[in-house]
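**Student:** What follows is the file structure25.cif, containing mmCIF, C-alpha atoms:
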```cif
data_run
loop_
_atom_site.label_atom_id
_atom_site.label_comp_id
_atom_site.auth_asym_id
_atom_site.auth_seq_id
_atom_site.Cartn_x
_atom_site.Cartn_y
_atom_site.Cartn_z
CA MET A 1 172.10 125.52 51.81
CA THR A 2 174.48 122.80 52.75
CA THR A 3 173.39 119.19 52.64
CA GLN A 4 173.80 118.93 56.41
CA LEU A 5 171.58 121.97 57.03
CA CYS A 6 168.94 120.64 54.63
CA GLY A 7 168.98 117.31 56.43
CA ALA A 8 168.66 119.01 59.80
CA LEU A 9 165.74 121.12 58.55
CA LEU A 10 163.98 118.06 57.17
CA ALA A 11 164.52 116.23 60.45
CA ALA A 12 163.10 119.23 62.33
CA VAL A 13 159.99 119.23 60.14
CA THR A 14 159.60 115.50 60.76
CA LEU A 15 159.98 116.00 64.48
CA LEU A 16 157.36 118.76 64.45
CA ALA A 17 155.04 116.36 62.69
CA GLN A 18 155.53 113.93 65.58
CA ALA A 19 153.97 116.50 67.89
CA THR A 20 150.67 116.45 65.99
CA PRO A 21 148.08 115.52 68.63
CA ALA A 22 145.91 113.74 66.05
CA GLN A 23 148.54 111.03 65.62
CA SER A 24 148.50 108.01 67.88
CA PRO A 25 151.76 106.90 69.52
CA SER A 26 151.99 104.05 66.98
CA GLU A 27 151.60 106.49 64.10
CA LYS A 28 154.31 108.73 65.56
CA VAL A 29 156.76 105.82 65.87
CA ALA A 30 155.86 104.62 62.36
CA ALA A 31 156.45 108.14 60.99
CA VAL A 32 159.96 108.17 62.48
CA LEU A 33 160.81 104.76 61.06
CA ASP A 34 159.34 105.64 57.65
CA ASP A 35 161.31 108.90 57.52
CA TRP A 36 164.47 107.07 58.62
CA HIS A 37 164.08 104.57 55.76
CA ARG A 38 163.30 107.40 53.29
CA ALA A 39 166.42 109.29 54.43
CA ALA A 40 168.55 106.26 53.54
CA ALA A 41 166.84 105.84 50.17
CA GLU A 42 167.44 109.55 49.46
CA ALA A 43 171.04 109.30 50.75
CA ASP A 44 170.35 112.03 53.33
CA GLU A 45 173.01 111.21 55.91
CA ALA A 46 172.25 114.04 58.36
CA ARG A 47 168.53 113.23 58.45
CA TYR A 48 169.16 109.49 58.71
CA PHE A 49 171.49 109.76 61.70
CA SER A 50 169.38 112.43 63.42
CA HIS A 51 166.86 109.68 64.19
CA PHE A 52 169.28 107.81 66.50
CA THR A 53 169.74 108.41 70.21
CA ALA A 54 173.21 109.54 71.27
CA LYS A 55 173.95 105.93 72.32
CA GLY A 56 172.01 104.30 69.48
CA VAL A 57 173.12 100.94 68.09
CA PHE A 58 172.76 99.43 64.62
CA MET A 59 173.20 95.69 64.14
CA GLY A 60 173.62 94.48 60.58
CA THR A 61 173.18 91.07 59.05
CA ASP A 62 176.79 89.94 59.60
CA ALA A 63 177.68 88.78 63.13
CA THR A 64 180.50 91.36 63.23
CA GLU A 65 178.15 94.27 62.50
CA ARG A 66 177.32 95.83 65.86
CA TRP A 67 177.97 99.54 65.70
CA THR A 68 177.21 102.54 67.84
CA ALA A 69 175.50 105.24 65.77
CA PRO A 70 178.80 107.19 65.39
CA GLU A 71 180.65 104.00 64.32
CA PHE A 72 177.86 103.14 61.89
CA ARG A 73 177.99 106.64 60.46
CA VAL A 74 181.71 106.25 59.72
CA TRP A 75 181.01 102.94 57.95
CA ALA A 76 177.98 104.32 56.07
CA HIS A 77 179.41 107.72 55.10
CA PRO A 78 180.98 106.58 51.78
CA HIS A 79 177.59 105.19 50.68
CA PHE A 80 175.79 108.42 51.56
CA ALA A 81 178.57 110.49 49.96
CA LYS A 82 178.10 108.59 46.68
CA LYS A 83 174.35 109.25 46.94
CA ALA A 84 173.90 105.48 46.90
CA ALA A 85 172.82 104.40 50.36
CA TRP A 86 170.21 101.65 50.64
CA SER A 87 166.50 101.27 50.07
CA PHE A 88 164.39 99.30 52.53
CA THR A 89 160.63 99.37 52.06
CA PRO A 90 158.63 98.21 55.09
CA HIS A 91 155.46 96.30 54.26
CA HIS A 92 154.39 94.91 57.61
CA ARG A 93 155.18 96.44 60.99
CA VAL A 94 154.10 95.63 64.54
CA ILE A 95 154.71 98.22 67.28
CA SER A 96 154.35 97.70 71.04
CA PHE A 97 154.82 100.06 73.99
CA SER A 98 155.99 99.93 77.58
CA ALA A 99 153.37 100.57 80.28
CA ASP A 100 154.64 104.13 80.80
CA GLY A 101 154.56 104.86 77.04
CA GLY A 102 158.21 105.96 76.95
CA THR A 103 159.63 102.95 75.11
CA ALA A 104 158.48 101.33 71.88
CA TRP A 105 159.70 98.14 70.28
CA PHE A 106 158.84 96.91 66.84
CA ASP A 107 159.48 94.42 64.12
CA GLU A 108 158.98 95.03 60.43
CA MET A 109 159.28 93.04 57.25
CA LEU A 110 161.28 94.80 54.55
CA SER A 111 161.62 94.53 50.81
CA THR A 112 165.13 95.33 49.61
CA PRO A 113 166.43 95.42 46.05
CA LYS A 114 169.80 93.82 46.87
CA MET A 115 169.20 91.50 49.83
CA GLY A 116 165.65 90.35 49.14
CA PRO A 117 163.28 89.99 52.06
CA CYS A 118 164.66 91.24 55.38
CA ARG A 119 163.40 91.86 58.87
CA GLY A 120 164.14 94.87 61.01
CA SER A 121 163.47 95.03 64.71
CA GLY A 122 164.38 97.52 67.35
CA VAL A 123 163.65 99.88 70.16
CA LEU A 124 162.74 103.56 70.20
CA VAL A 125 162.70 105.79 73.27
CA LEU A 126 160.85 109.02 73.83
CA GLU A 127 163.37 111.81 74.45
CA ASN A 128 161.90 115.27 75.09
CA LYS A 129 158.68 114.21 73.31
CA ILE A 130 160.64 112.99 70.28
CA TRP A 131 160.91 109.31 69.33
CA LYS A 132 164.54 108.26 68.72
CA ILE A 133 165.96 104.92 67.60
CA ALA A 134 167.96 103.33 70.43
CA GLN A 135 168.57 100.05 68.62
CA TYR A 136 167.92 98.63 65.17
CA ASN A 137 168.63 95.04 64.20
CA LEU A 138 168.57 94.07 60.52
CA SER A 139 168.28 90.38 59.74
CA VAL A 140 167.64 88.10 56.82
CA PRO A 141 164.90 85.62 57.69
CA ILE A 142 165.96 82.16 56.61
CA PRO A 143 163.19 79.71 55.74
CA ASN A 144 163.36 76.69 58.08
CA PRO A 145 163.88 74.18 55.23
CA LEU A 146 167.10 76.07 54.28
CA LEU A 147 168.43 76.51 57.81
CA ASN A 148 170.61 73.34 57.98
CA SER A 149 172.31 74.27 54.73
CA VAL A 150 172.95 77.83 55.91
CA VAL A 151 174.31 76.63 59.26
CA LYS A 152 176.75 74.35 57.41
CA GLN A 153 177.82 77.20 55.13
CA ILE A 154 178.46 79.45 58.11
CA ALA A 155 180.45 76.73 59.88
CA GLY A 156 182.49 76.20 56.73
CA SER A 157 183.25 79.90 56.39
CA GLY A 158 185.26 79.98 59.62
CA LYS A 159 183.11 82.72 61.16
#
```
Translate this structure into structure tokens?
**Tutor:**
Amino acid sequence: MTTQLCGALLAAVTLLAQATPAQSPSEKVAAVLDDWHRAAAEADEARYFSHFTAKGVFMGTDATERWTAPEFRVWAHPHFAKKAAWSFTPHHRVISFSADGGTAWFDEMLSTPKMGPCRGSGVLVLENKIWKIAQYNLSVPIPNPLLNSVVKQIAGSGK
């Protein structure tokens, strides 16, 4: 089977798992986010991008990094092609829901091997009973005592 077909099949299995009535809405959202992170760690491009809505957005740590899912896929493709995407391990996540249950927002602390501690936050929407990532924002939390130094470094970088 092709890599793309394997990724699509894995995404389909994940989506079927979302339909398990025994799971709470929070567990279903967490399962999507966990599978999304696993897909990156396994360099499974098709599965990773299947978790975005058609108009999904990814915001990276640099101020210039605001991509639609298709733009992000173009940027990320060389990493996935080399089987060397990224590995983010969530260790604390808080999920909240809109009153109608069709929108979820979350924040999560992440351990990363290259960037150290990070924070992800975002929004998922329920599309045809399937949770999809509408927006993900990756940030590096800066301890308050270091903030003035970082602000000066950013100002000095011309960005």
**Student:** Kindly resolve the PyMOL selection byres ((chain A and resi 70) around 10) on the present coordinates and return the residues as a list in words.
**Tutor:**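 That selection, the PyMOL selection byres ((chain A and resi 70) around 10), comes back as Phe49, Phe52, Ala54, Lys55, Gly56, Val57, Phe58, Trp67, Thr68, Ala69, Glu71, Phe72, Arg73, Val74, Trp75 and Ala76 of chain A.
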**Student:** Output C-alpha atoms of each residue in that selection to a file, as a PDB file, in the coordinates of the input.
**Tutor:**
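So result-v5.pdb came out as:
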```pdb
ATOM      1  CA  PHE A  49     171.490 109.760  61.700  1.00  0.00           C
ATOM      2  CA  PHE A  52     169.280 107.810  66.500  1.00  0.00           C
ATOM      3  CA  ALA A  54     173.210 109.540  71.270  1.00  0.00           C
ATOM      4  CA  LYS A  55     173.950 105.930  72.320  1.00  0.00           C
ATOM      5  CA  GLY A  56     172.010 104.300  69.480  1.00  0.00           C
ATOM      6  CA  VAL A  57     173.120 100.940  68.090  1.00  0.00           C
ATOM      7  CA  PHE A  58     172.760  99.430  64.620  1.00  0.00           C
ATOM      8  CA  TRP A  67     177.970  99.540  65.700  1.00  0.00           C
ATOM      9  CA  THR A  68     177.210 102.540  67.840  1.00  0.00           C
ATOM     10  CA  ALA A  69     175.500 105.240  65.770  1.00  0.00           C
ATOM     11  CA  GLU A  71     180.650 104.000  64.320  1.00  0.00           C
ATOM     12  CA  PHE A  72     177.860 103.140  61.890  1.00  0.00           C
ATOM     13  CA  ARG A  73     177.990 106.640  60.460  1.00  0.00           C
ATOM     14  CA  VAL A  74     181.710 106.250  59.720  1.00  0.00           C
ATOM     15  CA  TRP A  75     181.010 102.940  57.950  1.00  0.00           C
ATOM     16  CA  ALA A  76     177.980 104.320  56.070  1.00  0.00           C
TER      17      ALA A  76
END
```
**Student:** Go ahead and compute the interatomic distance for CA of Glu42 in chain A and CA of Thr89 in chain A, in Å to one decimal.
**Tutor:** 12.5 Å
**Student:** Using only C-alpha atoms, can you tell me which of A:Val123, A:Leu33, A:Leu146, A:Val151 comes closest to Ser50 in chain A?
**Tutor:**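 Counting only C-alpha atoms, the residue closest to Ser50 in chain A is A:Leu33.
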**Student:** Name all residues at most 9 Å from Gly102 in chain A (count all atoms listed in the file; drop same-chain ones fewer than 4 positions away) and give them as a list in words.
**Tutor:**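 In the requested form, the answer reads Phe97, Ser98, Leu124, Val125, Leu126, Glu127 and Trp131 of chain A.
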**Student:** For a test of reading the model, state the distance in Å between CA of Thr103 in chain A and CA of Asn137 in chain A, rounded to one decimal.
**Tutor:**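 For CA of Thr103 in chain A relative to CA of Asn137 in chain A, the distance reads 16.2 Å.
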**Student:** Given the file shown, enumerate the residues that the PyMOL selection byres ((chain A and resi 35) around 9) captures and present them as number ranges by chain.
**Tutor:** A: 11, 14, 30-34, 36-40, 47-48, 51
**Student:** With 4 Å added on each side, what axis-aligned box encloses every listed atom of range 82-93 of chain A? Give the centre and edge lengths in Å to one decimal, as lines of an AutoDock Vina configuration file.
**Tutor:**
```
center_x = 166.2
center_y = 102.1
center_z = 53.8
size_x = 31.7
size_y = 22.3
size_z = 22.3
```
**Student:** Got a sec: who's within 8 Å of Thr61 in chain A, counting all atoms listed in the file, leaving out chain neighbours fewer than 6 positions off, as an NGL selection string?
**Tutor:** :A and (137-140)
**Student:** If I take CA of Lys114 in chain A and CA of Val29 in chain A, how far is one from the other in Å, to one decimal?
**Tutor:**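 One can read the CA of Lys114 in chain A to CA of Val29 in chain A distance as 26.0 Å.
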**Student:** Can you spell out as a VMD selection string the set of residues that the PyMOL selection byres ((chain A and resi 43) around 8) selects in the structure I just provided?
**Tutor:** chain A and resid 39 to 42 44 to 45 79 to 81 83 to 86
**Student:** For a cutoff of 9 Å around the file-coordinate point (163.3, 86.5, 58.6), which residues qualify once you count all atoms listed in the file? I'd like the result as a PDB file with C-alpha atoms, keeping the file's coordinate frame.
**Tutor:**
```
ATOM      1  CA  MET A 109     159.280  93.040  57.250  1.00  0.00           C
ATOM      2  CA  PRO A 117     163.280  89.990  52.060  1.00  0.00           C
ATOM      3  CA  CYS A 118     164.660  91.240  55.380  1.00  0.00           C
ATOM      4  CA  ARG A 119     163.400  91.860  58.870  1.00  0.00           C
ATOM      5  CA  GLY A 120     164.140  94.870  61.010  1.00  0.00           C
ATOM      6  CA  SER A 139     168.280  90.380  59.740  1.00  0.00           C
ATOM      7  CA  VAL A 140     167.640  88.100  56.820  1.00  0.00           C
ATOM      8  CA  PRO A 141     164.900  85.620  57.690  1.00  0.00           C
ATOM      9  CA  ILE A 142     165.960  82.160  56.610  1.00  0.00           C
ATOM     10  CA  PRO A 143     163.190  79.710  55.740  1.00  0.00           C
TER      11      PRO A 143
END
```
**Student:** For Asn128 in chain A, which of A:Ser26, A:Thr53, A:Lys82, A:Asp62 is the closest residue, counting only C-alpha atoms?
**Tutor:** A:Thr53
